[in-house]
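**Q** For reference, the file protein-v2.pdb (PDB, C-alpha atoms, pLDDT in the B column) is included below:
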```pdb
ATOM      1  CA  MET A   1     134.490 114.138 189.916  1.00 89.00           C
ATOM      2  CA  LYS A   2     132.936 117.327 191.239  1.00 93.00           C
ATOM      3  CA  ILE A   3     133.350 120.418 189.051  1.00 97.00           C
ATOM      4  CA  GLU A   4     132.367 123.857 190.358  1.00 97.00           C
ATOM      5  CA  LYS A   5     132.202 127.241 188.679  1.00 97.00           C
ATOM      6  CA  ARG A   6     134.164 129.968 190.454  1.00 97.00           C
ATOM      7  CA  ILE A   7     134.839 133.573 189.594  1.00 97.00           C
ATOM      8  CA  LYS A   8     138.266 134.919 190.503  1.00 97.00           C
ATOM      9  CA  THR A   9     139.144 138.492 189.711  1.00 97.00           C
ATOM     10  CA  SER A  10     142.642 139.427 188.604  1.00 97.00           C
ATOM     11  CA  PHE A  11     145.331 138.340 191.070  1.00 97.00           C
ATOM     12  CA  SER A  12     149.112 138.323 191.362  1.00 98.00           C
ATOM     13  CA  VAL A  13     151.554 135.507 192.060  1.00 98.00           C
ATOM     14  CA  ILE A  14     155.237 135.774 192.932  1.00 98.00           C
ATOM     15  CA  GLY A  15     157.170 132.629 192.188  1.00 98.00           C
ATOM     16  CA  LYS A  16     159.899 130.815 190.342  1.00 98.00           C
ATOM     17  CA  GLU A  17     159.406 130.760 186.573  1.00 98.00           C
ATOM     18  CA  GLY A  18     160.394 128.027 184.190  1.00 98.00           C
ATOM     19  CA  SER A  19     159.661 126.669 180.740  1.00 97.00           C
ATOM     20  CA  THR A  20     158.882 123.306 179.204  1.00 96.00           C
ATOM     21  CA  LEU A  21     162.043 123.907 177.148  1.00 96.00           C
ATOM     22  CA  GLU A  22     163.967 123.035 180.334  1.00 97.00           C
ATOM     23  CA  GLY A  23     162.857 119.407 179.975  1.00 95.00           C
ATOM     24  CA  ASP A  24     161.130 116.807 182.103  1.00 94.00           C
ATOM     25  CA  GLY A  25     160.912 117.543 185.789  1.00 96.00           C
ATOM     26  CA  PHE A  26     161.229 121.315 185.433  1.00 97.00           C
ATOM     27  CA  ILE A  27     158.032 121.970 187.438  1.00 97.00           C
ATOM     28  CA  GLN A  28     159.250 119.938 190.412  1.00 97.00           C
ATOM     29  CA  LYS A  29     162.578 121.801 190.290  1.00 97.00           C
ATOM     30  CA  LEU A  30     160.701 125.121 190.396  1.00 98.00           C
ATOM     31  CA  TRP A  31     158.713 124.018 193.457  1.00 98.00           C
ATOM     32  CA  THR A  32     161.865 122.819 195.199  1.00 98.00           C
ATOM     33  CA  ASP A  33     163.525 126.185 194.527  1.00 98.00           C
ATOM     34  CA  ALA A  34     160.457 128.189 195.603  1.00 98.00           C
ATOM     35  CA  ASN A  35     159.915 126.177 198.785  1.00 96.00           C
ATOM     36  CA  SER A  36     163.559 126.361 199.820  1.00 97.00           C
ATOM     37  CA  HIS A  37     163.533 130.183 199.547  1.00 97.00           C
ATOM     38  CA  PHE A  38     159.974 130.851 200.745  1.00 96.00           C
ATOM     39  CA  GLU A  39     161.136 133.194 203.522  1.00 97.00           C
ATOM     40  CA  GLU A  40     162.172 135.706 200.814  1.00 97.00           C
ATOM     41  CA  VAL A  41     158.564 136.194 199.676  1.00 97.00           C
ATOM     42  CA  GLN A  42     156.568 135.318 202.793  1.00 95.00           C
ATOM     43  CA  PRO A  43     156.110 139.009 203.801  1.00 96.00           C
ATOM     44  CA  LEU A  44     154.540 139.686 200.352  1.00 97.00           C
ATOM     45  CA  ALA A  45     151.948 136.908 200.616  1.00 97.00           C
ATOM     46  CA  LYS A  46     148.273 137.752 200.513  1.00 97.00           C
ATOM     47  CA  LYS A  47     146.447 136.397 203.570  1.00 94.00           C
ATOM     48  CA  ASP A  48     142.840 135.415 204.191  1.00 90.00           C
ATOM     49  CA  GLU A  49     140.713 136.745 207.057  1.00 90.00           C
ATOM     50  CA  ASN A  50     142.240 134.143 209.417  1.00 89.00           C
ATOM     51  CA  GLY A  51     145.822 135.115 208.590  1.00 90.00           C
ATOM     52  CA  ASN A  52     146.454 132.040 206.407  1.00 90.00           C
ATOM     53  CA  LEU A  53     148.109 132.233 203.000  1.00 94.00           C
ATOM     54  CA  ALA A  54     145.491 133.058 200.349  1.00 95.00           C
ATOM     55  CA  GLY A  55     146.836 130.496 197.936  1.00 95.00           C
ATOM     56  CA  ILE A  56     149.716 128.498 196.566  1.00 97.00           C
ATOM     57  CA  TRP A  57     149.628 128.591 192.783  1.00 98.00           C
ATOM     58  CA  GLY A  58     151.222 126.901 189.838  1.00 98.00           C
ATOM     59  CA  VAL A  59     150.119 129.368 187.186  1.00 98.00           C
ATOM     60  CA  MET A  60     150.636 128.672 183.518  1.00 98.00           C
ATOM     61  CA  SER A  61     150.893 130.681 180.330  1.00 98.00           C
ATOM     62  CA  ASP A  62     151.782 130.244 176.720  1.00 97.00           C
ATOM     63  CA  CYS A  63     155.331 131.287 175.821  1.00 96.00           C
ATOM     64  CA  THR A  64     154.254 134.886 175.067  1.00 95.00           C
ATOM     65  CA  ARG A  65     153.081 135.402 178.684  1.00 95.00           C
ATOM     66  CA  SER A  66     149.571 136.140 177.370  1.00 96.00           C
ATOM     67  CA  PHE A  67     147.985 133.531 179.692  1.00 97.00           C
ATOM     68  CA  LYS A  68     146.752 131.523 176.731  1.00 96.00           C
ATOM     69  CA  PRO A  69     146.734 127.710 177.067  1.00 96.00           C
ATOM     70  CA  TRP A  70     149.977 125.833 176.604  1.00 96.00           C
ATOM     71  CA  GLU A  71     150.680 125.187 172.931  1.00 95.00           C
ATOM     72  CA  ASP A  72     151.230 121.974 170.925  1.00 95.00           C
ATOM     73  CA  ASN A  73     148.588 119.889 172.714  1.00 93.00           C
ATOM     74  CA  PHE A  74     149.491 121.372 176.122  1.00 94.00           C
ATOM     75  CA  SER A  75     153.182 120.448 175.801  1.00 94.00           C
ATOM     76  CA  LYS A  76     154.854 123.896 175.455  1.00 97.00           C
ATOM     77  CA  GLY A  77     154.551 126.794 177.836  1.00 97.00           C
ATOM     78  CA  LEU A  78     155.615 128.596 180.974  1.00 98.00           C
ATOM     79  CA  TYR A  79     154.980 127.746 184.621  1.00 98.00           C
ATOM     80  CA  LEU A  80     155.265 129.937 187.714  1.00 98.00           C
ATOM     81  CA  ALA A  81     155.446 128.122 191.076  1.00 98.00           C
ATOM     82  CA  GLY A  82     154.580 130.514 193.881  1.00 98.00           C
ATOM     83  CA  ILE A  83     152.215 132.236 196.238  1.00 98.00           C
ATOM     84  CA  GLU A  84     149.377 134.665 195.756  1.00 98.00           C
ATOM     85  CA  CYS A  85     150.743 138.043 196.746  1.00 98.00           C
ATOM     86  CA  ILE A  86     149.531 141.533 197.451  1.00 95.00           C
ATOM     87  CA  ASP A  87     148.910 143.262 194.148  1.00 92.00           C
ATOM     88  CA  ASP A  88     151.505 146.019 194.540  1.00 96.00           C
ATOM     89  CA  ALA A  89     154.277 143.661 195.692  1.00 97.00           C
ATOM     90  CA  GLN A  90     157.622 143.832 193.933  1.00 97.00           C
ATOM     91  CA  ALA A  91     159.282 140.504 193.174  1.00 97.00           C
ATOM     92  CA  PRO A  92     162.623 140.087 194.967  1.00 97.00           C
ATOM     93  CA  GLU A  93     165.713 139.302 192.910  1.00 97.00           C
ATOM     94  CA  GLY A  94     165.468 135.802 191.470  1.00 97.00           C
ATOM     95  CA  TRP A  95     161.665 135.779 191.644  1.00 98.00           C
ATOM     96  CA  THR A  96     159.044 136.668 189.017  1.00 98.00           C
ATOM     97  CA  LYS A  97     155.643 138.283 189.428  1.00 98.00           C
ATOM     98  CA  TRP A  98     152.710 137.558 187.134  1.00 98.00           C
ATOM     99  CA  THR A  99     149.304 139.248 187.279  1.00 97.00           C
ATOM    100  CA  ILE A 100     146.667 136.852 186.017  1.00 97.00           C
ATOM    101  CA  PRO A 101     143.499 138.297 184.429  1.00 97.00           C
ATOM    102  CA  GLY A 102     140.115 137.664 186.006  1.00 97.00           C
ATOM    103  CA  TYR A 103     138.169 134.652 184.754  1.00 98.00           C
ATOM    104  CA  GLU A 104     135.211 132.463 185.448  1.00 98.00           C
ATOM    105  CA  TYR A 105     136.750 129.053 186.087  1.00 98.00           C
ATOM    106  CA  LEU A 106     135.730 125.451 186.232  1.00 98.00           C
ATOM    107  CA  CYS A 107     137.422 124.191 189.381  1.00 98.00           C
ATOM    108  CA  ALA A 108     138.071 120.511 190.032  1.00 98.00           C
ATOM    109  CA  GLU A 109     139.836 118.831 192.936  1.00 97.00           C
ATOM    110  CA  VAL A 110     142.793 116.817 191.689  1.00 97.00           C
ATOM    111  CA  GLU A 111     141.840 113.239 192.477  1.00 95.00           C
ATOM    112  CA  SER A 112     144.069 111.411 190.007  1.00 95.00           C
ATOM    113  CA  GLU A 113     146.547 111.827 187.159  1.00 94.00           C
ATOM    114  CA  SER A 114     143.596 112.014 184.764  1.00 96.00           C
ATOM    115  CA  THR A 115     141.868 115.050 186.319  1.00 97.00           C
ATOM    116  CA  PHE A 116     143.131 117.358 183.548  1.00 97.00           C
ATOM    117  CA  SER A 117     141.878 115.152 180.704  1.00 96.00           C
ATOM    118  CA  GLU A 118     138.596 114.408 182.512  1.00 97.00           C
ATOM    119  CA  VAL A 119     137.799 118.113 182.847  1.00 98.00           C
ATOM    120  CA  LEU A 120     138.708 118.706 179.182  1.00 97.00           C
ATOM    121  CA  ASP A 121     136.333 115.857 178.254  1.00 97.00           C
ATOM    122  CA  TYR A 122     133.619 117.458 180.403  1.00 97.00           C
ATOM    123  CA  MET A 123     134.225 120.797 178.689  1.00 97.00           C
ATOM    124  CA  ASN A 124     133.980 119.199 175.219  1.00 97.00           C
ATOM    125  CA  ALA A 125     130.758 117.409 176.174  1.00 97.00           C
ATOM    126  CA  ASN A 126     129.277 120.725 177.373  1.00 97.00           C
ATOM    127  CA  ASN A 127     130.530 122.891 174.472  1.00 97.00           C
ATOM    128  CA  LEU A 128     132.911 124.861 176.684  1.00 97.00           C
ATOM    129  CA  THR A 129     136.312 126.096 175.530  1.00 96.00           C
ATOM    130  CA  LEU A 130     139.366 127.275 177.409  1.00 97.00           C
ATOM    131  CA  ALA A 131     139.600 131.063 177.634  1.00 97.00           C
ATOM    132  CA  GLY A 132     143.151 130.887 178.995  1.00 97.00           C
ATOM    133  CA  ALA A 133     145.785 128.687 180.578  1.00 97.00           C
ATOM    134  CA  VAL A 134     144.892 126.148 183.260  1.00 97.00           C
ATOM    135  CA  HIS A 135     146.310 126.758 186.757  1.00 98.00           C
ATOM    136  CA  ASP A 136     147.203 124.515 189.686  1.00 98.00           C
ATOM    137  CA  PHE A 137     146.038 125.666 193.116  1.00 98.00           C
ATOM    138  CA  THR A 138     146.778 124.336 196.574  1.00 97.00           C
ATOM    139  CA  CYS A 139     144.393 125.564 199.238  1.00 95.00           C
ATOM    140  CA  PRO A 140     146.397 126.338 202.403  1.00 93.00           C
ATOM    141  CA  ALA A 141     143.255 125.968 204.541  1.00 89.00           C
ATOM    142  CA  ASN A 142     142.584 122.321 203.604  1.00 92.00           C
ATOM    143  CA  GLY A 143     145.796 121.240 201.837  1.00 93.00           C
ATOM    144  CA  LYS A 144     143.878 119.991 198.790  1.00 96.00           C
ATOM    145  CA  ASN A 145     145.027 120.471 195.199  1.00 97.00           C
ATOM    146  CA  TYR A 146     142.724 121.868 192.521  1.00 98.00           C
ATOM    147  CA  MET A 147     142.916 122.732 188.833  1.00 98.00           C
ATOM    148  CA  PHE A 148     141.356 125.957 187.569  1.00 98.00           C
ATOM    149  CA  PHE A 149     140.151 125.912 183.938  1.00 98.00           C
ATOM    150  CA  PRO A 150     139.274 129.435 182.684  1.00 98.00           C
ATOM    151  CA  ILE A 151     136.099 129.457 180.582  1.00 98.00           C
ATOM    152  CA  LYS A 152     135.463 133.199 180.216  1.00 96.00           C
ATOM    153  CA  THR A 153     137.009 136.514 181.193  1.00 95.00           C
ATOM    154  CA  VAL A 154     135.389 138.635 183.892  1.00 93.00           C
TER     155      VAL A 154
END
```
Please render this file's structure as structure tokens.

**A**
Amino acid sequence: MKIEKRIKTSFSVIGKEGSTLEGDGFIQKLWTDANSHFEEVQPLAKKDENGNLAGIWGVMSDCTRSFKPWEDNFSKGLYLAGIECIDDAQAPEGWTKWTIPGYEYLCAEVESESTFSEVLDYMNANNLTLAGAVHDFTCPANGKNYMFFPIKTV
């Protein structure tokens, strides 16, 4: 598995928010809801220099919305399924906007179900600790899925 360091300054995501308290499958339900109403937020999406969406994010936070890692061995927390948006965008009714702090991340392409645990093992072996919640990222340019593990604030 290839792991890269990336710095990403603070950014905003508008999406559909849910909690692990909603039970199994809640993340997929959020994505289904977000995708079926995408036209409501499309004008607010941040674009790259080629006019493509800047990013599709599954951002996570602890239950206090402090962007700390999920609690109880990564089993309790919040998830926001959405798109990276312009910073001053206002979330339409039924949508939620989060502004994620800037971090230096370890970024790994999701190659299997064990990507999350493999990166945590790598971090333990290299004396690195999570500085915040892990995020899912889909790159619109190549369609690949990545996980972003924050290791320090920027």

**Q** Kindly give the distance, in Å, that separates atom CA of A:Ile3 and atom CA of A:Ala108, rounded to a single decimal.

**A**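 Atom-to-atom, atom CA of A:Ile3 to atom CA of A:Ala108, that is 4.8 Å.
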
**Q** Go through the shown structure with the PyMOL selection byres ((chain A and resi 127-137) around 6) and write out the matching residues as a list in words.

**A**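 For this structure, the PyMOL selection byres ((chain A and resi 127-137) around 6) captures Ile56, Trp57, Gly58, Val59, Met60, Ser61, Phe67, Lys68, Pro69, Met123, Asn124, Ala125, Asn126, Thr138, Asn145, Tyr146, Met147, Phe148, Phe149, Pro150, Ile151 and Lys152 of chain A.
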
**Q** Could you check the closest approach to A:Lys76 for each of A:Ser117, A:Asn142, A:Thr9, A:Thr20 and tell me which residue wins, using only C-alpha atoms?

**A**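 The shortest atom-to-atom distance to A:Lys76 comes from A:Thr20.
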
**Q** Find the spatial neighbours of stretch 34-44 of chain A, counting all atoms listed in the file, within a cut-off of 10 Å - ignore same-chain residues fewer than 5 positions away - and output them as a list in words.

**A**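 Surrounding residues, per the criterion: Val13, Ile14, Gly15, Lys16, Glu17, Gln28, Lys29, Leu53, Leu80, Ala81, Gly82, Ile83, Glu84, Cys85, Ile86, Asp87, Asp88, Ala89, Gln90, Ala91, Pro92, Glu93, Gly94 and Trp95 of chain A.
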
**Q** I'd like the interatomic distance between atom CA of A:Met1 and atom CA of A:Pro101, to a tenth of an Å.

**A** 26.4 Å

**Q** Save stretch 15-38 of chain A of the structure in the block above to a file, with C-alpha atoms included, as a PDB file, in the first residue's frame.

**A**
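Final output, saved to part.pdb:
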```pdb
ATOM      1  CA  GLY A  15     -23.707  17.106   2.617  1.00  0.00           C
ATOM      2  CA  LYS A  16     -26.152  14.859   4.383  1.00  0.00           C
ATOM      3  CA  GLU A  17     -25.301  14.267   8.041  1.00  0.00           C
ATOM      4  CA  GLY A  18     -25.917  11.145  10.041  1.00  0.00           C
ATOM      5  CA  SER A  19     -24.791   9.331  13.159  1.00  0.00           C
ATOM      6  CA  THR A  20     -23.699   5.832  14.076  1.00  0.00           C
ATOM      7  CA  LEU A  21     -26.677   5.907  16.465  1.00  0.00           C
ATOM      8  CA  GLU A  22     -28.849   5.405  13.359  1.00  0.00           C
ATOM      9  CA  GLY A  23     -27.526   1.845  13.048  1.00  0.00           C
ATOM     10  CA  ASP A  24     -25.879  -0.286  10.398  1.00  0.00           C
ATOM     11  CA  GLY A  25     -26.049   1.014   6.868  1.00  0.00           C
ATOM     12  CA  PHE A  26     -26.523   4.659   7.837  1.00  0.00           C
ATOM     13  CA  ILE A  27     -23.569   5.817   5.692  1.00  0.00           C
ATOM     14  CA  GLN A  28     -24.959   4.185   2.552  1.00  0.00           C
ATOM     15  CA  LYS A  29     -28.351   5.786   3.251  1.00  0.00           C
ATOM     16  CA  LEU A  30     -26.664   9.199   3.505  1.00  0.00           C
ATOM     17  CA  TRP A  31     -24.923   8.705   0.150  1.00  0.00           C
ATOM     18  CA  THR A  32     -28.161   7.581  -1.480  1.00  0.00           C
ATOM     19  CA  ASP A  33     -29.918  10.692  -0.148  1.00  0.00           C
ATOM     20  CA  ALA A  34     -27.074  13.031  -1.157  1.00  0.00           C
ATOM     21  CA  ASN A  35     -26.734  11.563  -4.650  1.00  0.00           C
ATOM     22  CA  SER A  36     -30.465  11.665  -5.325  1.00  0.00           C
ATOM     23  CA  HIS A  37     -30.608  15.394  -4.460  1.00  0.00           C
ATOM     24  CA  PHE A  38     -27.218  16.467  -5.840  1.00  0.00           C
TER      25      PHE A  38
END
```
